[in-house]
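One file, model37.cif, carrying mmCIF, C-alpha atoms (C1' of nucleotides):
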data_input
loop_
_atom_site.label_atom_id
_atom_site.label_comp_id
_atom_site.auth_asym_id
_atom_site.auth_seq_id
_atom_site.Cartn_x
_atom_site.Cartn_y
_atom_site.Cartn_z
CA MET A 20 28.11 -34.13 -60.90
CA GLN A 21 29.94 -37.34 -61.42
CA THR A 22 31.29 -40.01 -59.17
CA ALA A 23 33.67 -42.88 -59.60
CA THR A 24 30.83 -44.81 -61.19
CA ASP A 25 29.99 -42.31 -63.90
CA GLU A 26 27.81 -44.22 -66.30
CA ARG A 27 28.84 -42.31 -69.38
CA VAL A 28 30.94 -45.30 -70.15
CA THR A 29 33.26 -45.73 -73.07
CA ASP A 30 34.09 -48.96 -74.81
CA HIS A 31 37.37 -49.99 -73.29
CA ILE A 32 38.90 -53.36 -74.05
CA GLU A 33 40.65 -55.67 -71.64
CA ALA A 34 44.42 -55.86 -71.63
CA ASP A 35 44.33 -59.37 -73.06
CA GLU A 36 42.24 -58.15 -75.95
CA ILE A 37 44.90 -55.77 -77.16
CA THR A 38 46.27 -56.97 -80.50
CA ALA A 39 49.45 -56.25 -82.36
CA GLN A 40 47.56 -55.03 -85.38
CA GLY A 41 45.32 -52.79 -83.30
CA LEU A 42 48.28 -51.26 -81.53
CA LEU A 43 50.22 -50.58 -84.68
CA ASP A 44 47.17 -49.28 -86.52
CA ALA A 45 46.65 -46.88 -83.64
CA LEU A 46 50.24 -45.76 -83.38
CA VAL A 47 50.99 -45.34 -87.05
CA ASP A 48 49.07 -42.09 -87.21
CA PRO A 49 51.21 -39.05 -86.33
CA VAL A 50 48.37 -37.21 -84.62
CA ARG A 51 47.64 -40.16 -82.39
CA ARG A 52 51.32 -40.65 -81.70
CA SER A 53 51.48 -37.02 -80.68
CA ILE A 54 48.62 -37.57 -78.26
CA VAL A 55 50.39 -40.53 -76.69
CA ARG A 56 53.58 -38.52 -76.53
CA GLN A 57 51.90 -35.64 -74.74
CA LEU A 58 50.23 -38.03 -72.32
CA SER A 59 53.49 -39.75 -71.59
CA ALA A 60 55.38 -36.51 -71.10
CA SER A 61 52.71 -35.06 -68.86
CA GLY A 62 52.63 -37.85 -66.37
CA SER A 63 49.07 -36.87 -65.46
CA ASP A 64 45.76 -37.25 -67.24
CA ILE A 65 44.76 -34.72 -69.87
CA ALA A 66 41.35 -33.67 -71.12
CA CYS A 67 40.63 -34.16 -74.83
CA GLY A 68 40.39 -30.44 -75.38
CA HIS A 69 43.75 -29.71 -73.84
CA PHE A 70 45.92 -31.52 -76.29
CA ASP A 71 48.02 -29.70 -78.81
CA ILE A 72 46.71 -31.23 -82.03
CA ASN A 73 45.94 -29.38 -85.23
CA VAL A 74 42.77 -31.09 -86.29
CA SER A 75 39.11 -30.28 -85.86
CA ARG A 76 37.25 -31.37 -82.75
CA SER A 77 35.39 -34.10 -84.60
CA THR A 78 38.62 -35.45 -85.99
CA GLY A 79 40.08 -35.34 -82.50
CA THR A 80 37.17 -37.38 -81.20
CA HIS A 81 37.88 -39.92 -83.91
CA HIS A 82 41.53 -40.25 -82.90
CA PHE A 83 40.73 -40.64 -79.22
CA LYS A 84 38.24 -43.31 -80.12
CA VAL A 85 40.82 -45.25 -82.10
CA LEU A 86 43.32 -45.04 -79.27
CA ARG A 87 40.72 -46.11 -76.73
CA GLN A 88 39.44 -49.03 -78.77
CA ALA A 89 42.98 -50.21 -79.39
CA GLY A 90 43.62 -50.24 -75.65
CA VAL A 91 46.21 -47.48 -75.68
CA ILE A 92 44.31 -45.05 -73.48
CA ARG A 93 41.54 -45.16 -70.92
CA GLN A 94 38.94 -42.41 -70.74
CA TYR A 95 36.63 -41.14 -68.03
CA TYR A 96 34.48 -38.10 -67.60
CA VAL A 97 34.97 -35.26 -65.17
CA GLY A 98 32.11 -32.86 -65.65
CA THR A 99 31.93 -32.10 -69.32
CA SER A 100 35.57 -32.96 -69.83
CA LYS A 101 36.76 -36.35 -70.91
CA MET A 102 40.06 -37.23 -69.34
CA ASN A 103 42.66 -39.47 -70.94
CA THR A 104 45.04 -41.89 -69.28
CA LEU A 105 47.85 -43.79 -70.92
CA ARG A 106 47.46 -47.48 -70.12
CA ARG A 107 51.13 -47.90 -69.35
CA THR A 108 50.92 -51.07 -67.31
CA ASP A 109 48.62 -52.88 -69.70
CA LEU A 110 50.69 -51.86 -72.68
CA GLU A 111 53.89 -52.93 -71.00
CA SER A 112 52.45 -56.34 -70.20
CA VAL A 113 51.17 -56.90 -73.71
CA ALA A 114 53.86 -55.17 -75.73
CA PRO A 115 56.95 -54.76 -73.56
CA GLY A 116 59.18 -51.99 -74.79
CA LEU A 117 56.98 -51.01 -77.70
CA ILE A 118 55.66 -47.72 -76.41
CA ASP A 119 59.07 -46.68 -75.15
CA ALA A 120 60.66 -47.56 -78.47
CA ILE A 121 58.09 -45.59 -80.42
CA LEU A 122 58.18 -42.59 -78.11
CA ALA A 123 61.95 -42.58 -78.39
CA LEU A 124 61.75 -42.19 -82.15
CA PRO A 125 62.59 -38.72 -83.41
CA GLU A 126 59.52 -37.34 -85.11
CA THR A 127 61.31 -34.56 -86.90
CA ALA A 128 62.80 -35.44 -90.23
CA ARG A 129 66.45 -36.19 -89.86
CA ARG A 130 68.99 -33.98 -91.47
CA HIS A 131 71.43 -35.61 -93.83
CA THR A 132 74.72 -35.22 -91.98
CA ALA A 133 77.04 -36.78 -94.52
CA ALA A 134 77.97 -39.64 -92.27
CA ALA A 135 79.92 -42.71 -93.20
CA PRO A 136 77.82 -45.31 -95.00
CA GLY A 137 77.55 -47.86 -92.23
CA ARG A 138 77.06 -50.95 -94.31
CA ARG A 139 75.45 -54.20 -93.34
CA MET B 23 76.67 -62.93 -113.77
CA GLN B 24 77.67 -60.34 -111.26
CA THR B 25 78.77 -60.52 -107.68
CA ALA B 26 79.44 -57.75 -105.22
CA THR B 27 79.30 -55.02 -107.84
CA ASP B 28 76.05 -56.03 -109.48
CA GLU B 29 74.71 -52.85 -111.01
CA ARG B 30 71.08 -53.83 -110.86
CA VAL B 31 70.90 -51.50 -107.94
CA THR B 32 67.87 -50.74 -105.88
CA ASP B 33 67.01 -47.51 -104.15
CA HIS B 34 68.25 -47.97 -100.65
CA ILE B 35 68.29 -45.12 -98.18
CA GLU B 36 70.99 -44.29 -95.67
CA ALA B 37 70.51 -45.17 -92.04
CA ASP B 38 70.16 -41.52 -91.11
CA GLU B 39 67.37 -41.13 -93.62
CA ILE B 40 65.17 -43.65 -91.89
CA THR B 41 62.15 -41.90 -90.39
CA ALA B 42 59.74 -42.87 -87.67
CA GLN B 43 56.79 -42.49 -90.00
CA GLY B 44 58.43 -44.53 -92.71
CA LEU B 45 59.27 -47.32 -90.30
CA LEU B 46 55.80 -47.50 -88.82
CA ASP B 47 54.12 -47.24 -92.20
CA ALA B 48 56.26 -50.17 -93.31
CA LEU B 49 55.67 -52.29 -90.24
CA VAL B 50 51.95 -51.73 -89.85
CA ASP B 51 51.16 -54.10 -92.69
CA PRO B 52 50.84 -57.72 -91.55
CA VAL B 53 52.35 -59.13 -94.73
CA ARG B 54 55.41 -56.94 -94.40
CA ARG B 55 55.67 -57.73 -90.71
CA SER B 56 55.60 -61.41 -91.64
CA ILE B 57 58.45 -60.85 -94.05
CA VAL B 58 60.52 -59.15 -91.37
CA ARG B 59 59.66 -61.93 -88.94
CA GLN B 60 60.80 -64.61 -91.36
CA LEU B 61 63.99 -62.72 -92.07
CA SER B 62 64.71 -62.30 -88.39
CA ALA B 63 63.99 -65.92 -87.58
CA SER B 64 66.09 -67.18 -90.44
CA GLY B 65 69.26 -65.40 -89.53
CA SER B 66 70.36 -65.56 -93.15
CA ASP B 67 69.24 -63.76 -96.27
CA ILE B 68 66.19 -64.97 -98.13
CA ALA B 69 65.20 -64.59 -101.76
CA CYS B 70 61.93 -62.81 -102.49
CA GLY B 71 60.39 -65.95 -103.89
CA HIS B 72 61.18 -68.04 -100.86
CA PHE B 73 59.04 -66.22 -98.35
CA ASP B 74 55.84 -67.69 -97.05
CA ILE B 75 53.40 -64.96 -98.02
CA ASN B 76 50.09 -65.59 -99.68
CA VAL B 77 49.87 -62.69 -102.06
CA SER B 78 50.58 -62.51 -105.74
CA ARG B 79 54.12 -61.95 -106.99
CA SER B 80 53.37 -58.38 -108.00
CA THR B 81 51.95 -57.62 -104.59
CA GLY B 82 55.02 -59.20 -103.07
CA THR B 83 57.22 -56.93 -105.15
CA HIS B 84 55.26 -53.97 -103.81
CA HIS B 85 55.79 -55.00 -100.17
CA PHE B 86 59.52 -55.58 -100.63
CA LYS B 87 59.78 -52.17 -102.23
CA VAL B 88 58.06 -50.50 -99.27
CA LEU B 89 60.34 -52.28 -96.81
CA ARG B 90 63.42 -51.38 -98.82
CA GLN B 91 62.51 -47.73 -99.23
CA ALA B 92 61.75 -47.46 -95.54
CA GLY B 93 65.22 -48.77 -94.75
CA VAL B 94 64.03 -52.00 -93.14
CA ILE B 95 65.70 -54.35 -95.59
CA ARG B 96 68.55 -54.27 -98.06
CA GLN B 97 68.34 -56.11 -101.36
CA TYR B 98 70.87 -57.46 -103.82
CA TYR B 99 70.75 -59.75 -106.76
CA VAL B 100 72.21 -63.22 -107.07
CA GLY B 101 71.52 -64.42 -110.54
CA THR B 102 67.81 -64.00 -111.12
CA SER B 103 67.09 -64.06 -107.42
CA LYS B 104 66.81 -60.96 -105.32
CA MET B 105 68.07 -61.54 -101.82
CA ASN B 106 66.79 -59.73 -98.74
CA THR B 107 68.72 -58.73 -95.65
CA LEU B 108 67.29 -57.29 -92.48
CA ARG B 109 69.14 -54.06 -91.66
CA ARG B 110 69.45 -54.97 -88.00
CA THR B 111 72.32 -52.69 -87.11
CA ASP B 112 70.90 -49.64 -88.86
CA LEU B 113 67.48 -50.21 -87.36
CA GLU B 114 68.90 -50.67 -83.91
CA SER B 115 70.84 -47.44 -84.16
CA VAL B 116 67.85 -45.45 -85.37
CA ALA B 117 65.07 -47.15 -83.47
CA PRO B 118 66.57 -49.07 -80.58
CA GLY B 119 64.30 -51.84 -79.38
CA LEU B 120 61.60 -51.19 -81.93
CA ILE B 121 62.06 -54.21 -84.13
CA ASP B 122 62.47 -56.51 -81.16
CA ALA B 123 59.35 -55.13 -79.53
CA ILE B 124 57.32 -55.56 -82.68
CA LEU B 125 58.66 -59.03 -83.42
CA ALA B 126 57.84 -60.02 -79.86
CA LEU B 127 54.19 -59.14 -80.36
CA PRO B 128 51.93 -62.15 -80.68
CA GLU B 129 50.39 -62.14 -84.14
CA THR B 130 46.89 -63.34 -83.52
CA ALA B 131 45.72 -65.68 -86.21
CA ARG B 132 43.22 -62.93 -86.93
CA ARG B 133 40.08 -65.03 -86.57
CA HIS B 134 37.21 -62.62 -86.84
CA THR B 135 34.97 -63.78 -84.01
CA ALA B 136 32.66 -60.84 -84.65
CA ALA B 137 32.26 -59.47 -81.17
CA ALA B 138 33.63 -55.99 -81.34
CA PRO B 139 31.87 -53.17 -83.18
CA GLY B 140 28.54 -51.61 -82.71
CA ARG B 141 28.67 -49.98 -79.30
CA ARG B 142 27.86 -46.39 -78.53
"C1'" DC C 23 15.83 -21.12 -66.94
"C1'" DT C 24 19.38 -19.90 -70.08
"C1'" DC C 25 23.67 -20.15 -71.92
"C1'" DA C 26 28.31 -21.67 -72.88
"C1'" DA C 27 31.61 -25.37 -72.94
"C1'" DA C 28 33.00 -30.08 -74.18
"C1'" DG C 29 32.38 -33.84 -76.91
"C1'" DT C 30 29.74 -36.99 -79.98
"C1'" DA C 31 27.15 -38.57 -84.09
"C1'" DC C 32 26.47 -38.40 -88.66
"C1'" DT C 33 27.67 -37.58 -93.28
"C1'" DA C 34 30.44 -36.67 -97.10
"C1'" DT C 35 34.75 -36.61 -99.46
"C1'" DG C 36 39.40 -37.03 -101.10
"C1'" DG C 37 43.41 -39.57 -101.00
"C1'" DC C 38 46.03 -43.29 -100.21
"C1'" DT C 39 47.06 -48.29 -100.50
"C1'" DG C 40 46.80 -53.25 -100.82
"C1'" DT C 41 45.38 -56.28 -104.29
"C1'" DC C 42 45.66 -58.69 -108.70
"C1'" DA C 43 46.23 -59.60 -113.80
"C1'" DA C 44 48.80 -59.07 -117.77
"C1'" DA C 45 52.68 -57.83 -120.25
"C1'" DC C 46 57.49 -57.27 -119.91
"C1'" DT C 47 62.69 -57.79 -118.72
"C1'" DA C 48 66.65 -60.17 -117.37
"C1'" DT C 49 69.27 -64.08 -116.23
"C1'" DG C 50 70.75 -68.82 -116.54
"C1'" DA C 51 70.28 -73.49 -118.29
"C1'" DT C 52 69.49 -76.86 -122.13
"C1'" DA D 25 68.20 -70.24 -130.04
"C1'" DT D 26 64.84 -71.73 -126.85
"C1'" DC D 27 62.89 -72.06 -122.61
"C1'" DA D 28 62.14 -71.60 -117.73
"C1'" DT D 29 62.79 -68.94 -113.62
"C1'" DA D 30 62.51 -64.64 -110.91
"C1'" DG D 31 60.97 -60.41 -110.43
"C1'" DT D 32 59.15 -55.69 -112.24
"C1'" DT D 33 55.93 -52.46 -114.27
"C1'" DT D 34 51.70 -50.73 -115.43
"C1'" DG D 35 46.92 -50.17 -114.95
"C1'" DA D 36 42.76 -50.79 -112.68
"C1'" DC D 37 39.93 -51.24 -108.70
"C1'" DA D 38 37.95 -51.63 -104.14
"C1'" DG D 39 38.13 -50.42 -99.55
"C1'" DC D 40 39.70 -48.00 -95.88
"C1'" DC D 41 40.58 -43.81 -93.31
"C1'" DA D 42 41.80 -39.11 -91.91
"C1'" DT D 43 39.51 -34.97 -92.38
"C1'" DA D 44 36.03 -31.43 -91.65
"C1'" DG D 45 31.24 -29.40 -91.20
"C1'" DT D 46 26.92 -29.41 -89.09
"C1'" DA D 47 23.68 -30.68 -85.86
"C1'" DC D 48 22.98 -32.64 -81.40
"C1'" DT D 49 23.58 -33.93 -76.34
"C1'" DT D 50 25.14 -33.42 -71.88
"C1'" DT D 51 26.89 -30.95 -68.16
"C1'" DG D 52 27.78 -27.08 -65.17
"C1'" DA D 53 27.53 -22.14 -64.19
"C1'" DG D 54 25.12 -17.78 -63.62
#

Could you rewrite the structure in this file as structure tokens?
Amino acid sequence: MQTATDERVTDHIEADEITAQGLLDALVDPVRRSIVRQLSASGSDIACGHFDINVSRSTGTHHFKVLRQAGVIRQYYVGTSKMNTLRRTDLESVAPGLIDAILALPETARRHTAAAPGRR
Amino acid sequence: MQTATDERVTDHIEADEITAQGLLDALVDPVRRSIVRQLSASGSDIACGHFDINVSRSTGTHHFKVLRQAGVIRQYYVGTSKMNTLRRTDLESVAPGLIDAILALPETARRHTAAAPGRR
DNA sequence: CTCAAAGTACTATGGCTGTCAAACTATGAT
DNA sequence: ATCATAGTTTGACAGCCATAGTACTTTGAG
């Protein structure tokens, strides 16, 4: 049974240790972006095993680790499950507008709609 | 010498062909981000050879090509010089706020103080 | 105690990519 | 014509990284 002081700690970084390169490295991967997207859409924390990602468990662990070490998510255990929280406030203070801008991007390939060539 | 109809064309993509993955892949590299930063700060077009990047010319060519094919910049020749324009309007229409958010990120002088890895 | 569930650690691998050097092209000036 | 300037192309290489498989650990339930 765990409490608020569960010692199965994970290596989180402080908000002021978040770097531009770390953030972009973390968010450039589509699987990780999908994780962030699901977290953002959910509004509540999600266990690692409950994400809709098409990779093996070990690969999933890898992605969560990258996100955690970049400062994008925070993790904590609840029983055998590891919950994930999007560090919205920290991210907003370090990179205002970045997460929103990235989450707003359409992930599906755009269809060529024969539009006017908007120059410049 | 040619002017507006210089046929030494380069493979630009349309605004609606810009993808999230392509944009992030282009902007995750610090050298390319530096190029975009210099373009944005300048306000006017800059020739490839006039950027402050410390990589070889051939590597520079590679980075400009990635940025161009991702739809981040537009290029055109003026004599032997190849000028670069930031596609602000197109980027803003496809990824509102993204460029601004990324350019606002503090680029740490990447001094490796060796205090991160290891952990379990 | 025993077992299943949830993740992690470790290892290997394949592919991608940033890098440079060298040879090449194209343009403009002398 | 000759030369210098600006950038490209090709080839090679090193390093990183996403991926998966297997074994292992921890936790909670029966």

Wanna dump the chain D-chain B contacts at 12 Å for me, each residue with its shortest atom pair and the distance in Å to one decimal, counting all atoms listed in the file, ordered by chain and number, as a Markdown table?
| residue | atom | partner | partner_atom | distance |
| --- | --- | --- | --- | --- |
| D:DA28 | C1' | B:Thr102 | CA | 11.6 |
| D:DT29 | C1' | B:Thr102 | CA | 7.5 |
| D:DA30 | C1' | B:Thr102 | CA | 5.3 |
| D:DG31 | C1' | B:Thr83 | CA | 7.4 |
| D:DT32 | C1' | B:Thr83 | CA | 7.5 |
| D:DT33 | C1' | B:Ser80 | CA | 9.0 |
| D:DT34 | C1' | B:Ser80 | CA | 10.8 |

Fewer than 5 positions away in the same chain doesn't count, so skip those; otherwise give me all residues within 12 Å of Ala60 of chain A, counting all atoms listed in the file, as a compact mmCIF listing (two decimals) with C-alpha atoms, in the coordinates of the input.
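Generated output (out_28.txt):
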# COMPACT_ATOMS: atom_id res chain seq x y z
CA SER A 53 51.48 -37.02 -80.68
CA ILE A 54 48.62 -37.57 -78.26
CA VAL A 55 50.39 -40.53 -76.69
CA ILE A 65 44.76 -34.72 -69.87
CA PHE A 70 45.92 -31.52 -76.29
CA THR A 104 45.04 -41.89 -69.28
CA LEU A 105 47.85 -43.79 -70.92
CA ASP A 119 59.07 -46.68 -75.15
CA LEU A 122 58.18 -42.59 -78.11
CA ALA A 123 61.95 -42.58 -78.39

Taking all atoms listed in the file into account, report as a compact mmCIF listing (two decimals) with C-alpha atoms, keeping the file's coordinate frame which residues of chain A lie within 6 Å of chain B.
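Output (selection_20.txt):
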# COMPACT_ATOMS: atom_id res chain seq x y z
CA ALA A 39 49.45 -56.25 -82.36
CA LEU A 43 50.22 -50.58 -84.68
CA VAL A 47 50.99 -45.34 -87.05
CA GLY A 116 59.18 -51.99 -74.79
CA LEU A 117 56.98 -51.01 -77.70
CA ALA A 120 60.66 -47.56 -78.47
CA LEU A 124 61.75 -42.19 -82.15

**Distance query DG52 of chain D at most 12 Å, only C-alpha atoms (C1' of nucleotides), self and fewer than 4 positions along chain excluded, as a ChimeraX atom specification** = /A:20-21,97-100 /C:25-28

**Pick from A:Ser112, A:Ser75, A:Ser63, A:Gln88 nearest to chain C, counting all atoms listed in the file** = A:Ser75

**Request:** Return the Cα root-mean-square deviation, in Å, for chain B superposed on chain A by least squares with the Cα atoms paired in order.
**Result:**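 C-alpha RMSD after least-squares superposition: 4.1 Å.
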
**Request:** Let me know the residues the PyMOL selection byres ((chain C and resi 34-41) around 8) catches in the file above, as a PyMOL selection string.
**Result:** (chain B and resi 81) or (chain C and resi 33+42)

Just write the chosen residues, C-alpha atoms (C1' of nucleotides), as a PDB file, in the coordinates of the input.
ATOM      1  CA  THR B  81      51.950 -57.620-104.590  1.00  0.00           C
TER       2      THR B  81
ATOM      3  C1'  DT C  33      27.670 -37.580 -93.280  1.00  0.00           C
ATOM      4  C1'  DC C  42      45.660 -58.690-108.700  1.00  0.00           C
TER       5       DC C  42
END

**Request:** Would you list the residues near (17.8, -27.8, -67.4), meaning any protein, DNA or RNA residue with an atom at most 10 Å from that point in file coordinates, counting only C-alpha atoms (C1' of nucleotides), as JSON, numbers by chain?
**Result:** {"C": [23, 24], "D": [51]}

**Request:** Please return, as number ranges by chain, all polymer residues that have at least one atom within 8 Å of the point (25.3, -32.1, -78.8); use only C-alpha atoms (C1' of nucleotides) and the file's own coordinate frame.
**Result:** C: 29-30; D: 47-50

**Prompt:** Contacts of Lys84 of chain A at 9 Å or less, counting only C-alpha atoms (C1' of nucleotides), minus same-chain residues fewer than 5 places along, as a PyMOL selection string?
**Reply:** chain A and resi 29-30+79+89

With C-alpha atoms retained, write the just-selected residues as a CSV table (one decimal), in the coordinates of the input.
chain,number,residue,atom,x,y,z
A,29,THR,CA,33.3,-45.7,-73.1
A,30,ASP,CA,34.1,-49.0,-74.8
A,79,GLY,CA,40.1,-35.3,-82.5
A,89,ALA,CA,43.0,-50.2,-79.4

**Prompt:** What separation in Å, quoted to one decimal, exists between atom CA of Arg87 of chain A and atom CA of Arg51 of chain A?
**Reply:**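 Atom CA of Arg51 of chain A lies 10.7 Å from atom CA of Arg87 of chain A.
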